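Working notes for the structure below.
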Amino acid sequence: MDLLEKIRTLPTGAGCYLYKNAEGEVIYVGKAKNLRARVRSYFLAASQANAKTGSLMREAVDIEYILVANEREALALENNLIKQRKPRFNILLRDDKTYPYIKLTLADRHPKVFVTRRLRKDGSSYFGPYFPGNLAHRLVDVIHRSFLIPSCKVDLNRYHPRACLQYYIKRCLGPCVEGLISTDDYRQAVRDVQLFLEGSAGELEKRLTARMEQAAEAQQFELAARLRDQLITVSQAQDRQRIASPGDEDADVFGFHYENGMLAVNLFHMRGGKIVDRRDMFWEDLPEFAEPIEDIATEPRLEPNPNVPAPEVQADNEAAEEHSVLAPLNAAFSSATFFSALLKQIYLDQGYVPRHIYVPVEFPDRELLMDELRERSGHKIEIAAPQRGDKRSLVDLVCQNAKQSFDQRFRVLQPSIKAMQEALQDALTLPDPPERIECFDISHIQGAETVASMVVWEKGAMKKSNYRKFQVKTVTGVDDFASMREIVYRRYLKFAHGAKPTGKDSTLPSLVLIDGGLGQLHAAAAALEELGLTTQPLASIAKREEIIYVHGQEDDPVVLDRRSPVLHVIQKIRDESHRFAVSYHRKRREMRDRSSELDEIPGVGPRTRQRLLEHFGSVRALQQAAQKNPDALLSVANKATAEKIRKYFAAELDPNPLTVLP
């Protein structure tokens, strides 16, 4: 059964659907109130106008589904499937950390205290979560030092012959040895720890003060000093200064900053009305997986709107009806869709969820997620996008912090671009601070499919729109020097003998950088000299030694410290040119291999070959589809051609089949 026929058989109930590619990998997980209507809508022309949906449907060859009782169950199942399968067309939470708790094992005869990240129904008391994560470990260390309650792995439900080292260095009361401490005294110490972790400082201070005075009157000065230290610890814990927020409430506040396909998200944790921790999360190259939405003021949709009826899927040769079940498309990043996916992944598996969650934008499934979290936590949960007042100011503050995090992560060079340019000028003895650097690299395997790349660094960042790739045309065999000379000559031919071309790259770079040693440097210099560009600054960087040769000063190479920011910039440019050249070389080889193999299949012409490669992505994926699911070929080729492709790959697996004699 092919994909379209399978979709016609989908049920109309709530559930999750999983798109698979030709290799059987799950590439997208979604949920729906009506599975059939939702999945149908992916095949509409308006849906596939979205870059992501179009890419998804070109790769998808199969679909699975799981029926559930209602949409809330689908919400939870979707979250679990995304975390298990990690489909690349879903937005994934990269930073999947959980915050720790402090566990007090009250069900034991002699309770212990330690840090854990898992909550269990075992009779123990759990305190937390603690922000930042190391705060829980610091508090447990304070408990060891001040209250002497252990967190060892010794079985305290029975007595042992002798105490361990922790008792002798006064980090434990020694409940493991009979007679070192009475059960009542140990239980009193455990109660003190419980009050300390519960934040009942007033009651704890009264208990400690009374016992300290009693110990002093009984001239038990060592015990009195220990109780005094515990009082100081409790007092210091209470005096911890934190940033106040309106409402004195437990809340999580989100903010974000998105720019040029990169995203920074800040999450501020407020406990008792005070900001106690912040969490930074980052994503790169997000637009490829972002969903389109309309204006944030309206309700955005994560996927095609299931509430709008979708037409029946048409036959292959019929055009789909021209009406949209999507919101007006916008290729920009969808903040609403992003937060819908992010909050589900953060909170649906979280042991503790604050009563208030503030986000900068409205998003789909907000009410549904609130209901699910309310049932799981047992108390009311509010998820809101405040528009005014103190809460909006708090969200704006977190967004400002996200902007700072974005700059620190993605714009490390921005604050010192001028200084970096001056450092490059000084290190390489350039006439002016470099505004633009063009770097070249050659890639081939034993002289086959020799290609070259040119990448551009401009004002502190790589400028991908100006990258260029070349096929070497006049050189045969392995000759990197001649290849480099040809490429540099072709690149700067329009500047020959003082010509002034027009266009987006109509000015010579401040520096031409060559990936290679002296041989490649001299080959590039010969090409520039032939063009009359004898004053063009030129340098090369050798791979292993990381030595920089400047043309005209080859006898005095530049050797920079390994930690030098100037060397790091040059290495970054060189590595990018190498990456770009290798990726282009691989693509050329794949195109060569694809063409040669598919051309051998009878009945597969150039147009069919192109459609097959665009749909399946590679010959290997096409081969697997032909073996495992031959009907998948029908979405690209007719039945006769699909059968020829299947037989070709079947014969390739068994080139010498046995002849069955009558």
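Here, A, B, ... name the chains of the structure tokens in the order displayed, residue numbers run from 1 inside each chain, and ligands are numbered from 1 in the same displayed order.
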
All strand (DSSP E) positions in stretch 329-560 of chain A, as a PyMOL selection string: chain A and resi 356-358+382-384+436-445+448-458+461-462+468-471+511-515+538-541+548-550

Surrounding residues of A:Arg366 excluding itself and chain neighbours under 5 positions, 12 Å, only C-alpha atoms, as a list of chain:residue names: A:Arg72, A:Leu75, A:Glu299, A:Pro300, A:Arg301, A:Leu302, A:Ala336, A:Thr337, A:Phe339, A:Ser340, A:Ala341, A:Leu342, A:Leu343, A:Lys344, A:Ile357, A:Tyr358, A:Val359, A:Val361, A:Asp371, A:Glu372, A:Leu373, A:Ile381, A:Glu382, A:Ile383, A:Ala384, A:Ala385

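Picture a line from atom CA of A:Thr53 to atom CA of A:Leu3; it runs 15.9 Å.
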
Residue neighbourhood A:His578, 8 Å, only C-alpha atoms, exclusion window fewer than 6 positions, as a PyMOL selection string: chain A and resi 441-443+453+515

Output for the residues just chosen: N, CA, C and O atoms as a PDB file, in the first residue's frame:
ATOM      1  N   ASP A 441      40.887  26.857  -1.169  1.00  0.00           N
ATOM      2  CA  ASP A 441      41.362  25.510  -0.858  1.00  0.00           C
ATOM      3  C   ASP A 441      41.027  24.593  -2.028  1.00  0.00           C
ATOM      4  O   ASP A 441      40.044  24.811  -2.747  1.00  0.00           O
ATOM      5  N   ILE A 442      41.856  23.555  -2.224  1.00  0.00           N
ATOM      6  CA  ILE A 442      41.675  22.574  -3.290  1.00  0.00           C
ATOM      7  C   ILE A 442      41.285  21.242  -2.661  1.00  0.00           C
ATOM      8  O   ILE A 442      41.796  20.874  -1.593  1.00  0.00           O
ATOM      9  N   SER A 443      40.382  20.499  -3.312  1.00  0.00           N
ATOM     10  CA  SER A 443      39.978  19.184  -2.804  1.00  0.00           C
ATOM     11  C   SER A 443      39.870  18.207  -3.967  1.00  0.00           C
ATOM     12  O   SER A 443      39.308  18.532  -5.018  1.00  0.00           O
ATOM     13  N   SER A 453      37.363  25.808  -3.485  1.00  0.00           N
ATOM     14  CA  SER A 453      36.387  26.640  -2.786  1.00  0.00           C
ATOM     15  C   SER A 453      37.001  27.997  -2.483  1.00  0.00           C
ATOM     16  O   SER A 453      38.218  28.136  -2.346  1.00  0.00           O
ATOM     17  N   ASP A 515      45.044  28.064   1.617  1.00  0.00           N
ATOM     18  CA  ASP A 515      45.189  26.900   2.492  1.00  0.00           C
ATOM     19  C   ASP A 515      46.296  26.015   1.915  1.00  0.00           C
ATOM     20  O   ASP A 515      46.087  25.283   0.946  1.00  0.00           O
TER      21      ASP A 515
END

Distance query stretch 554-557 of chain A at most 12 Å, only C-alpha atoms, self and fewer than 4 positions along chain excluded, as a ChimeraX atom specification: /A:427-429,517-519,521-522,538-542,545-550

May I have the residues from that selection written out with C-alpha atoms, as a PDB file, in the first residue's frame?
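Output saved as result07.pdb:
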ATOM      1  CA  ALA A 427      50.737  40.260  12.632  1.00  0.00           C
ATOM      2  CA  LEU A 428      50.684  39.965   8.830  1.00  0.00           C
ATOM      3  CA  THR A 429      52.203  43.402   8.098  1.00  0.00           C
ATOM      4  CA  GLY A 517      52.342  25.869   2.192  1.00  0.00           C
ATOM      5  CA  LEU A 518      54.932  27.693   0.130  1.00  0.00           C
ATOM      6  CA  GLY A 519      54.127  25.793  -3.084  1.00  0.00           C
ATOM      7  CA  LEU A 521      51.473  30.388  -2.065  1.00  0.00           C
ATOM      8  CA  HIS A 522      53.878  30.799  -4.990  1.00  0.00           C
ATOM      9  CA  LEU A 538      48.738  37.393  -0.114  1.00  0.00           C
ATOM     10  CA  ALA A 539      49.454  34.810   2.592  1.00  0.00           C
ATOM     11  CA  SER A 540      49.122  31.072   3.234  1.00  0.00           C
ATOM     12  CA  ILE A 541      48.781  28.907   6.329  1.00  0.00           C
ATOM     13  CA  ALA A 542      50.379  25.475   6.490  1.00  0.00           C
ATOM     14  CA  GLU A 545      52.719  23.480  11.620  1.00  0.00           C
ATOM     15  CA  GLU A 546      50.140  26.324  11.592  1.00  0.00           C
ATOM     16  CA  ILE A 547      52.864  28.603  10.220  1.00  0.00           C
ATOM     17  CA  ILE A 548      51.725  31.648   8.218  1.00  0.00           C
ATOM     18  CA  TYR A 549      53.747  32.624   5.151  1.00  0.00           C
ATOM     19  CA  VAL A 550      53.282  36.172   3.866  1.00  0.00           C
TER      20      VAL A 550
END

Contacts of A:Tyr492 at 9 Å (only C-alpha atoms; same-chain gap of 5+ positions) as an NGL selection string: :A and (487 or 508 or 527-528 or 531 or 533)

Polymer residues at most 12 Å from A:Pro630, only C-alpha atoms, same-chain spacing of 5 or more positions, as a list in words: Met1, Asp2, Leu3, Ala22, Val61, Asp62, Ala621, Leu622, Gln623, Gln624, Ala625, Ser635, Val636, Ala637, Asn638, Lys639, Ala640, Thr641, Ala642, Glu643, Lys644, Ile645, Arg646, Lys647, Phe649 and Ala650 of chain A

Given only C-alpha atoms as the counted atoms, nearest of A:Phe282, A:Phe147, A:Tyr126, A:Tyr17 to A:Pro100: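 With only C-alpha atoms as the atom set, the closest residue is A:Tyr126.
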
Interatomic distance (Å, one decimal) between atom CA of A:Val488 and atom CA of A:Ser506: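 A separation of 15.4 Å between them.
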